$ cat query_0.txt   # compact mmCIF, C-alpha atoms
# COMPACT_ATOMS: atom_id res chain seq x y z
CA MET M 1 23.13 -7.82 -0.72
CA SER M 2 22.86 -7.97 3.06
CA PRO M 3 26.02 -7.50 5.12
CA ARG M 4 27.99 -10.61 6.00
CA HIS M 5 27.51 -11.58 9.62
CA THR M 6 30.89 -12.13 11.20
CA THR M 7 29.92 -10.63 14.55
CA ALA M 8 27.28 -13.08 15.79
CA PRO M 9 28.85 -13.47 19.27
CA ALA M 10 28.98 -9.70 19.66
CA ALA M 11 25.34 -9.40 18.57
CA ASP M 12 24.32 -12.14 21.00
CA ARG M 13 26.09 -10.39 23.88
CA SER M 14 24.47 -7.08 23.00
CA ALA M 15 21.03 -8.72 22.72
CA LYS M 16 21.45 -10.21 26.19
CA GLU M 17 22.47 -6.83 27.61
CA LEU M 18 19.60 -5.08 25.84
CA TRP M 19 17.11 -7.62 27.18
CA GLU M 20 18.29 -7.03 30.73
CA SER M 21 17.82 -3.27 30.31
CA VAL M 22 14.46 -3.60 28.57
CA ILE M 23 12.97 -6.02 31.11
CA ASP M 24 14.10 -3.66 33.90
CA LEU M 25 12.52 -0.75 31.98
CA ASP M 26 15.92 0.93 32.04
CA GLU M 27 15.75 3.21 29.01
CA PRO M 28 19.15 4.91 29.54
CA GLY M 29 20.74 1.50 29.91
CA ALA M 30 19.13 0.30 26.68
CA MET M 31 20.36 3.34 24.78
CA ALA M 32 23.85 2.74 26.18
CA VAL M 33 23.81 -0.88 24.94
CA VAL M 34 23.01 0.28 21.40
CA ARG M 35 25.69 2.96 21.44
CA ARG M 36 28.33 0.55 22.80
CA ALA M 37 27.51 -2.01 20.11
CA LEU M 38 27.90 0.57 17.35
CA ASP M 39 31.03 2.07 18.90
CA ALA M 40 32.55 -1.42 19.03
CA GLY M 41 32.04 -1.85 15.28
CA LEU M 42 28.85 -3.91 15.10
CA ASP M 43 27.16 -2.82 11.88
CA ALA M 44 23.91 -0.95 12.24
CA GLU M 45 21.84 -3.53 10.36
CA SER M 46 22.98 -6.25 12.75
CA VAL M 47 22.08 -4.08 15.72
CA LEU M 48 18.59 -3.64 14.27
CA LEU M 49 17.94 -7.23 13.24
CA ASP M 50 20.18 -9.33 15.49
CA VAL M 51 19.92 -7.30 18.69
CA ILE M 52 16.75 -5.19 18.85
CA ALA M 53 14.45 -7.47 16.83
CA PRO M 54 15.05 -10.66 18.85
CA VAL M 55 14.68 -8.75 22.11
CA GLN M 56 11.30 -7.48 20.93
CA GLY M 57 10.34 -11.04 20.01
CA GLN M 58 11.22 -12.13 23.52
CA VAL M 59 9.04 -9.37 24.95
CA GLY M 60 6.05 -10.87 23.13
CA GLU M 61 6.88 -14.38 24.33
CA GLU M 62 7.13 -13.21 27.94
CA TRP M 63 3.74 -11.53 27.70
CA ALA M 64 2.11 -14.65 26.23
CA ALA M 65 3.60 -16.73 29.06
CA ASN M 66 2.15 -14.26 31.62
CA ARG M 67 5.57 -13.40 32.95
CA ILE M 68 5.16 -9.70 32.21
CA THR M 69 2.06 -7.51 32.22
CA VAL M 70 0.50 -5.66 29.31
CA ALA M 71 1.87 -2.42 30.75
CA GLN M 72 5.39 -3.90 30.93
CA GLU M 73 5.06 -5.15 27.35
CA HIS M 74 4.05 -1.69 26.14
CA ALA M 75 6.85 0.00 28.07
CA ALA M 76 9.43 -2.48 26.78
CA THR M 77 8.23 -1.99 23.21
CA ALA M 78 8.50 1.78 23.60
CA ILE M 79 12.10 1.40 24.83
CA ASN M 80 12.97 -0.75 21.83
CA ASP M 81 11.41 1.83 19.54
CA ARG M 82 13.54 4.54 21.09
CA ALA M 83 16.58 2.28 20.74
CA VAL M 84 15.95 2.28 16.99
CA ALA M 85 15.80 6.07 17.08
CA ALA M 86 19.07 6.20 19.03
CA LEU M 87 20.73 4.02 16.41
CA ALA M 88 19.53 6.28 13.58
CA ARG M 89 21.15 9.28 15.29
CA HIS M 90 24.51 7.59 15.95
CA PRO M 91 27.48 9.23 14.18
CA SER M 92 28.50 5.94 12.56
CA VAL M 93 25.15 5.59 10.82
CA ARG M 94 25.33 7.57 7.60
CA ALA M 95 23.12 6.55 4.70
CA THR M 96 22.81 8.63 1.53
CA PRO M 97 19.91 7.64 -0.74
CA THR M 98 21.33 6.08 -3.90
CA ARG M 99 18.39 3.92 -4.93
CA GLY M 100 14.69 4.52 -5.51
CA ARG M 101 11.84 5.34 -3.15
CA ILE M 102 9.93 2.93 -0.92
CA THR M 103 6.87 3.59 1.22
CA VAL M 104 6.69 1.52 4.42
CA ALA M 105 3.39 1.36 6.31
CA CYS M 106 1.28 -0.80 8.60
CA VAL M 107 -2.18 -1.98 7.58
CA ASP M 108 -5.03 0.06 9.01
CA GLY M 109 -5.84 -1.37 12.46
CA GLU M 110 -2.32 -2.77 12.91
CA TRP M 111 -0.66 -1.09 15.89
CA HIS M 112 2.47 -3.29 16.03
CA ALA M 113 4.69 -0.79 14.25
CA LEU M 114 8.17 -1.88 15.30
CA PRO M 115 8.62 -4.55 12.56
CA ALA M 116 7.77 -1.95 9.91
CA ARG M 117 10.11 0.58 11.48
CA LEU M 118 12.96 -1.94 11.55
CA LEU M 119 12.41 -2.55 7.84
CA ALA M 120 12.34 1.18 7.13
CA GLU M 121 15.68 1.69 8.89
CA VAL M 122 17.27 -1.28 7.12
CA LEU M 123 16.14 0.06 3.75
CA LYS M 124 17.61 3.46 4.59
CA LEU M 125 20.91 1.77 5.44
CA ARG M 126 20.75 0.02 2.06
CA GLY M 127 20.45 3.36 0.26
CA TRP M 128 16.72 3.70 -0.32
CA HIS M 129 14.71 6.89 0.11
CA VAL M 130 12.12 5.68 2.63
CA ASP M 131 8.78 7.21 3.56
CA TYR M 132 7.87 5.54 6.86
CA LEU M 133 4.18 6.14 7.61
CA GLY M 134 3.95 4.18 10.86
CA ALA M 135 1.10 2.23 12.43
CA GLN M 136 -2.57 2.03 11.44
CA VAL M 137 -2.44 3.80 8.08
CA PRO M 138 -5.92 4.14 6.52
CA ALA M 139 -5.92 3.03 2.89
CA PRO M 140 -7.19 6.38 1.50
CA HIS M 141 -4.31 8.22 3.16
CA LEU M 142 -1.82 5.67 1.88
CA ILE M 143 -3.15 5.92 -1.69
CA ALA M 144 -3.04 9.70 -1.55
CA HIS M 145 0.60 9.48 -0.48
CA LEU M 146 1.39 7.12 -3.37
CA HIS M 147 -0.13 9.50 -5.90
CA ARG M 148 1.83 12.38 -4.42
CA THR M 149 5.25 10.66 -4.17
CA GLY M 150 5.24 7.89 -6.80
CA PRO M 151 7.34 5.28 -4.95
CA ASP M 152 8.83 2.21 -6.60
CA ALA M 153 6.98 -0.05 -4.17
CA VAL M 154 4.96 -0.22 -0.96
CA ALA M 155 6.15 -2.42 1.90
CA LEU M 156 3.05 -3.30 3.92
CA SER M 157 3.32 -4.83 7.40
CA SER M 158 0.80 -6.67 9.57
CA SER M 159 1.31 -8.88 12.61
CA ILE M 160 -2.33 -9.77 13.38
CA ALA M 161 -4.15 -12.19 11.09
CA THR M 162 -7.51 -10.51 11.66
CA ARG M 163 -6.19 -7.56 9.66
CA LEU M 164 -5.96 -9.71 6.51
CA PRO M 165 -9.28 -8.54 4.99
CA THR M 166 -8.13 -4.94 5.42
CA ALA M 167 -4.71 -5.86 4.05
CA HIS M 168 -6.37 -7.35 0.97
CA ALA M 169 -8.29 -4.16 0.27
CA THR M 170 -5.14 -2.10 0.79
CA ILE M 171 -3.04 -4.31 -1.49
CA THR M 172 -5.65 -4.04 -4.24
CA ALA M 173 -5.92 -0.27 -3.85
CA CYS M 174 -2.15 0.20 -4.05
CA GLN M 175 -1.99 -1.97 -7.15
CA ALA M 176 -4.83 -0.04 -8.73
CA ALA M 177 -2.69 3.07 -8.20
CA GLY M 178 0.07 1.34 -10.17
CA THR M 179 2.34 0.57 -7.20
CA PRO M 180 3.55 -2.98 -6.51
CA VAL M 181 3.20 -4.29 -2.94
CA LEU M 182 5.64 -6.31 -0.87
CA VAL M 183 4.10 -7.65 2.35
CA GLY M 184 5.53 -9.09 5.52
CA GLY M 185 4.69 -9.85 9.11
CA ALA M 186 3.19 -12.73 11.06
CA ALA M 187 -0.30 -12.06 9.70
CA PHE M 188 0.68 -13.37 6.28
CA GLY M 189 1.73 -16.77 7.62
CA PRO M 190 5.20 -18.23 8.20
CA ASP M 191 5.37 -19.34 4.58
CA GLY M 192 3.63 -16.32 3.08
CA ARG M 193 0.53 -18.31 2.13
CA TYR M 194 -1.83 -15.40 2.75
CA ALA M 195 0.37 -13.01 0.80
CA ARG M 196 -0.09 -15.23 -2.25
CA LEU M 197 -3.78 -15.71 -1.55
CA LEU M 198 -4.39 -11.97 -1.37
CA GLY M 199 -2.48 -11.20 -4.54
CA ALA M 200 0.54 -9.36 -3.13
CA ASP M 201 3.35 -8.85 -5.62
CA ALA M 202 5.99 -10.16 -3.20
CA TRP M 203 6.39 -11.51 0.33
CA ALA M 204 9.40 -11.62 2.62
CA PRO M 205 9.78 -13.48 5.93
CA ASP M 206 11.84 -10.73 7.56
CA ALA M 207 13.37 -7.31 7.01
CA ARG M 208 16.70 -8.63 5.72
CA ALA M 209 15.00 -10.81 3.11
CA ALA M 210 12.72 -7.92 2.10
CA ALA M 211 15.71 -5.63 1.57
CA ASP M 212 17.49 -8.32 -0.43
CA ASP M 213 14.41 -8.84 -2.64
CA LEU M 214 14.08 -5.14 -3.38
CA ALA M 215 17.79 -4.92 -4.19
CA ARG M 216 17.51 -7.62 -6.88
CA GLY M 217 15.39 -5.44 -9.11
CA PRO M 218 12.03 -3.72 -9.41
CA LEU M 219 8.90 -5.62 -8.46
CA PRO M 220 6.57 -6.45 -11.37
CA ARG M 221 4.03 -3.75 -12.12
CA PRO M 222 0.49 -4.71 -11.09
CA GLN M 223 -2.17 -5.72 -13.58
CA PRO M 224 -4.52 -2.75 -13.95
CA ASP M 225 -7.70 -4.85 -14.29
CA HIS M 226 -7.18 -6.97 -11.17
CA GLN M 227 -10.20 -7.22 -8.86
CA ALA M 228 -10.01 -8.37 -5.22
CA ILE M 229 -12.97 -10.74 -5.62
CA ASP M 230 -11.01 -12.63 -8.26
CA ASP M 231 -8.62 -13.83 -5.53
CA LEU M 232 -11.36 -15.20 -3.25
CA PRO M 233 -14.37 -16.57 -5.15
CA HIS M 234 -15.57 -18.40 -2.02
CA LEU M 235 -16.70 -15.06 -0.59
CA ALA M 236 -19.73 -15.29 -2.85
CA ASP M 237 -21.52 -17.30 -0.12
CA GLN M 238 -21.58 -14.16 2.09
CA GLU M 239 -20.64 -16.11 5.24
CA TYR M 240 -17.68 -13.86 5.96
CA THR M 241 -19.74 -10.69 5.59
CA LEU M 242 -22.62 -11.93 7.73
CA VAL M 243 -20.41 -13.28 10.54
CA ALA M 244 -18.23 -10.16 10.60
CA ARG M 245 -21.25 -7.84 10.73
CA SER M 246 -22.98 -9.85 13.47
CA ARG M 247 -19.94 -10.07 15.77
CA PRO M 248 -21.41 -7.88 18.56
CA HIS M 249 -24.63 -9.92 18.56
CA LEU M 250 -22.78 -13.24 18.56
CA VAL M 251 -20.58 -12.16 21.46
CA ARG M 252 -23.60 -11.11 23.53
CA VAL M 253 -25.49 -14.35 22.88
CA VAL M 254 -22.51 -16.61 23.62
CA PHE M 255 -21.51 -14.60 26.69
CA THR M 256 -25.02 -14.97 28.12
CA GLY M 257 -25.19 -18.67 27.30
CA LEU M 258 -21.82 -19.38 28.88
CA GLN M 259 -23.14 -18.56 32.33
CA ASP M 260 -25.23 -21.76 32.14
CA ALA M 261 -22.92 -23.82 29.94
CA TYR M 262 -19.85 -23.03 32.06
CA PRO M 263 -21.07 -22.52 35.67
CA ALA M 264 -17.65 -21.43 36.94
CA MET M 265 -18.20 -18.19 35.07
CA ARG M 266 -20.88 -17.16 37.56
CA ASP M 267 -18.15 -16.55 40.14
CA TYR M 268 -15.99 -14.45 37.80
CA SER M 269 -14.99 -10.97 38.88
CA ASP M 270 -15.96 -7.98 36.75
CA LEU M 271 -12.44 -7.97 35.26
CA GLN M 272 -12.62 -11.68 34.42
CA ARG M 273 -15.99 -11.17 32.74
CA GLU M 274 -14.56 -8.30 30.74
CA HIS M 275 -11.65 -10.49 29.61
CA THR M 276 -14.09 -13.26 28.68
CA ALA M 277 -16.05 -10.87 26.45
CA GLU M 278 -12.79 -9.75 24.82
CA ASP M 279 -11.78 -13.38 24.21
CA LEU M 280 -15.16 -14.14 22.64
CA SER M 281 -14.86 -11.12 20.37
CA ARG M 282 -11.44 -12.32 19.19
CA ILE M 283 -12.80 -15.83 18.59
CA VAL M 284 -15.53 -14.46 16.32
CA GLU M 285 -13.07 -12.14 14.61
CA PHE M 286 -10.67 -15.00 13.87
CA LEU M 287 -13.58 -17.14 12.68
CA ALA M 288 -14.54 -14.38 10.25
CA THR M 289 -10.94 -14.14 9.03
CA ALA M 290 -10.81 -17.90 8.51
CA LEU M 291 -13.97 -17.58 6.42
CA TYR M 292 -12.36 -14.77 4.43
CA THR M 293 -9.27 -16.83 3.67
CA ASP M 294 -11.18 -20.14 3.50
CA ASP M 295 -8.52 -21.62 5.78
CA GLU M 296 -9.66 -23.43 8.93
CA GLU M 297 -6.04 -23.82 10.06
CA LEU M 298 -5.91 -20.07 10.71
CA PHE M 299 -8.73 -20.45 13.24
CA CYS M 300 -7.42 -23.68 14.77
CA GLY M 301 -3.95 -22.22 15.24
CA PHE M 302 -5.44 -19.21 17.01
CA LEU M 303 -7.43 -21.48 19.34
CA LEU M 304 -4.37 -23.50 20.33
CA TRP M 305 -2.41 -20.32 20.98
CA THR M 306 -5.32 -18.94 23.04
CA ALA M 307 -5.44 -22.17 25.05
CA ASP M 308 -1.80 -21.74 26.03
CA VAL M 309 -2.31 -18.07 26.93
CA LEU M 310 -5.37 -18.89 29.06
CA ASN M 311 -3.54 -21.66 30.85
CA ALA M 312 -0.64 -19.32 31.62
CA ARG M 313 -3.17 -17.00 33.25
CA GLY M 314 -4.77 -19.73 35.34
CA VAL M 315 -7.94 -20.00 33.23
CA PRO M 316 -8.89 -23.56 32.20
CA ALA M 317 -8.64 -23.69 28.43
CA ARG M 318 -11.50 -26.21 28.36
CA SER M 319 -13.76 -23.18 28.87
CA LEU M 320 -13.28 -22.59 25.14
CA LEU M 321 -15.27 -25.71 24.25
CA PRO M 322 -18.73 -24.58 25.46
CA ALA M 323 -18.10 -21.20 23.81
CA LEU M 324 -17.45 -22.94 20.49
CA ALA M 325 -20.56 -25.10 20.94
CA LEU M 326 -22.74 -22.07 21.63
CA LEU M 327 -21.27 -20.22 18.66
CA GLY M 328 -21.85 -23.28 16.47
CA ARG M 329 -25.49 -23.34 17.53
CA GLU M 330 -25.91 -19.73 16.44
CA LEU M 331 -24.18 -20.41 13.10
CA LYS M 332 -25.77 -23.77 12.31
CA ASP M 333 -27.05 -22.44 8.97
CA PHE M 334 -23.55 -21.36 7.89
CA PRO M 335 -21.87 -24.53 6.52
CA ARG M 336 -18.30 -23.21 6.31
CA ALA M 337 -18.44 -21.49 9.69
CA ALA M 338 -19.95 -24.55 11.36
CA GLY M 339 -17.26 -26.78 9.84
CA ILE M 340 -14.46 -24.48 11.04
CA LEU M 341 -15.90 -24.45 14.57
CA ARG M 342 -16.11 -28.26 14.62
CA SER M 343 -12.52 -28.52 13.45
CA GLY M 344 -11.43 -26.11 16.17
CA ALA M 345 -13.19 -28.09 18.88
CA ASP M 346 -11.71 -31.34 17.56
CA ARG M 347 -8.20 -29.87 17.63
CA LEU M 348 -8.65 -28.66 21.20
CA THR M 349 -9.83 -32.06 22.43
CA SER M 350 -7.53 -34.32 20.41
CA ALA M 351 -4.21 -32.47 20.45
CA PRO M 352 -1.74 -33.21 23.28
CA LEU M 353 -2.62 -30.04 25.16
CA THR M 354 -1.99 -30.95 28.77
CA ALA M 355 0.10 -27.79 29.06
CA ALA M 356 -2.82 -25.77 27.78
CA GLY M 357 -5.27 -27.23 30.29
CA ILE M 358 -7.43 -29.27 27.89
CA ALA M 359 -6.26 -32.81 28.54
CA GLU M 360 -6.48 -33.95 32.15

$ encode --input "query_0.txt" --output "structure tokens"
Amino acid sequence: MSPRHTTAPAADRSAKELWESVIDLDEPGAMAVVRRALDAGLDAESVLLDVIAPVQGQVGEEWAANRITVAQEHAATAINDRAVAALARHPSVRATPTRGRITVACVDGEWHALPARLLAEVLKLRGWHVDYLGAQVPAPHLIAHLHRTGPDAVALSSSIATRLPTAHATITACQAAGTPVLVGGAAFGPDGRYARLLGADAWAPDARAAADDLARGPLPRPQPDHQAIDDLPHLADQEYTLVARSRPHLVRVVFTGLQDAYPAMRDYSDLQREHTAEDLSRIVEFLATALYTDDEELFCGFLLWTADVLNARGVPARSLLPALALLGRELKDFPRAAGILRSGADRLTSAPLTAAGIAE
């Protein structure tokens, strides 16, 4: 079971101190906060999950609100990662493996490694032998590791929903190797809906819950004859495959058309035009993922989030509407894709999005 939390005020104070060091990019100060918390008796799991984890969450929120730059976000994340390393080296942190073996890895293409590392450290504290493979682990390398080490389970992490098709292939490959898969991270939805859809053996909303689940007993062994296509019969229409493969073409066509459909774009700087192309690429990528999962809410939620991010950067979020219209024109012969695009446009125009720059 997870440790009882009787030190919430102490954790809150430490989180505040860590945030101040992280936002100032004061690495020595951040390391000192972690050491002081442990020296004062705050248990290591609480430092990981009640101090470092919420500070990292705040880093992401500050970036989305345009209050810190991408460079600051990367530097802050690196400091938090080193804070985890400092904790692992502290004299009070002694964990002897008494349980089985768990492999912890990020889906290929997933570079947000800190959530997976936090889980790996928590599992070590709980007595597991942990193989932490880090970010962006290609499925063939992961499967080779499973065959070599024979773990009790794989804990697979992903924060970005567009990695779900890759996650599905990885889950299926691990199960085919006889290893059950527990998944976690924002990509799988706040309620784990995509974990169930993609056939994962278990899902946990956070590292503490994942460790608790693994402590209750072994995960069920996978069915050897399971096929990925069995989870998603709607893929038979080929819309996902065709949209995903044509993403570069779709981005070029919509980018060109936007210069007439959204005249303000003609005055964009080179950097703004580059960001516009990146935004269009993400829109198509999320559309493809929504087709893969057959869930228009995945796409609509991304659009609303993008609207808020654009507004925070001084870009009118209504610029998304002509992009969706142009994309819909290109995909008029794709019924599911066209329907998802219409739903996205409806959500942008009907939701109370004054803060996001849609409603005037």

$ atom_distance --input "query_0.txt" --atom1 "CA of Gly344 in chain M" --atom2 "CA of Cys300 in chain M"
4.9 Å

$ atom_distance --input "query_0.txt" --atom1 "CA of Tyr194 in chain M" --atom2 "CA of Thr293 in chain M"
7.6 Å

$ residues_around --input "query_0.txt" --residues "Arg148 in chain M" --least-positions-apart "4" --cutoff "12 Å" --atoms "only C-alpha atoms" --output "list in words"
Thr103, Asp131, His141, Leu142, Ile143, Ala144 and Ala177 of chain M

$ closest_residue --input "query_0.txt" --among "M:Val183, M:Leu133, M:Leu125, M:Ala169" --to "Asp213 in chain M" --atoms "all atoms listed in the file"
M:Val183

$ residues_around --input "query_0.txt" --residues "range 219-224 of chain M" --least-positions-apart "3" --cutoff "6 Å" --atoms "only C-alpha atoms" --output "PyMOL selection string"
chain M and resi 175-176+180

$ closest_residue --input "query_0.txt" --among "M:Leu327, M:Val107, M:Val34, M:Val315" --to "Val243 in chain M" --atoms "only C-alpha atoms"
M:Leu327

$ closest_residue --input "query_0.txt" --among "M:Val154, M:Val309, M:Leu280, M:Ala40" --to "Trp63 in chain M" --atoms "all atoms listed in the file"
M:Val309
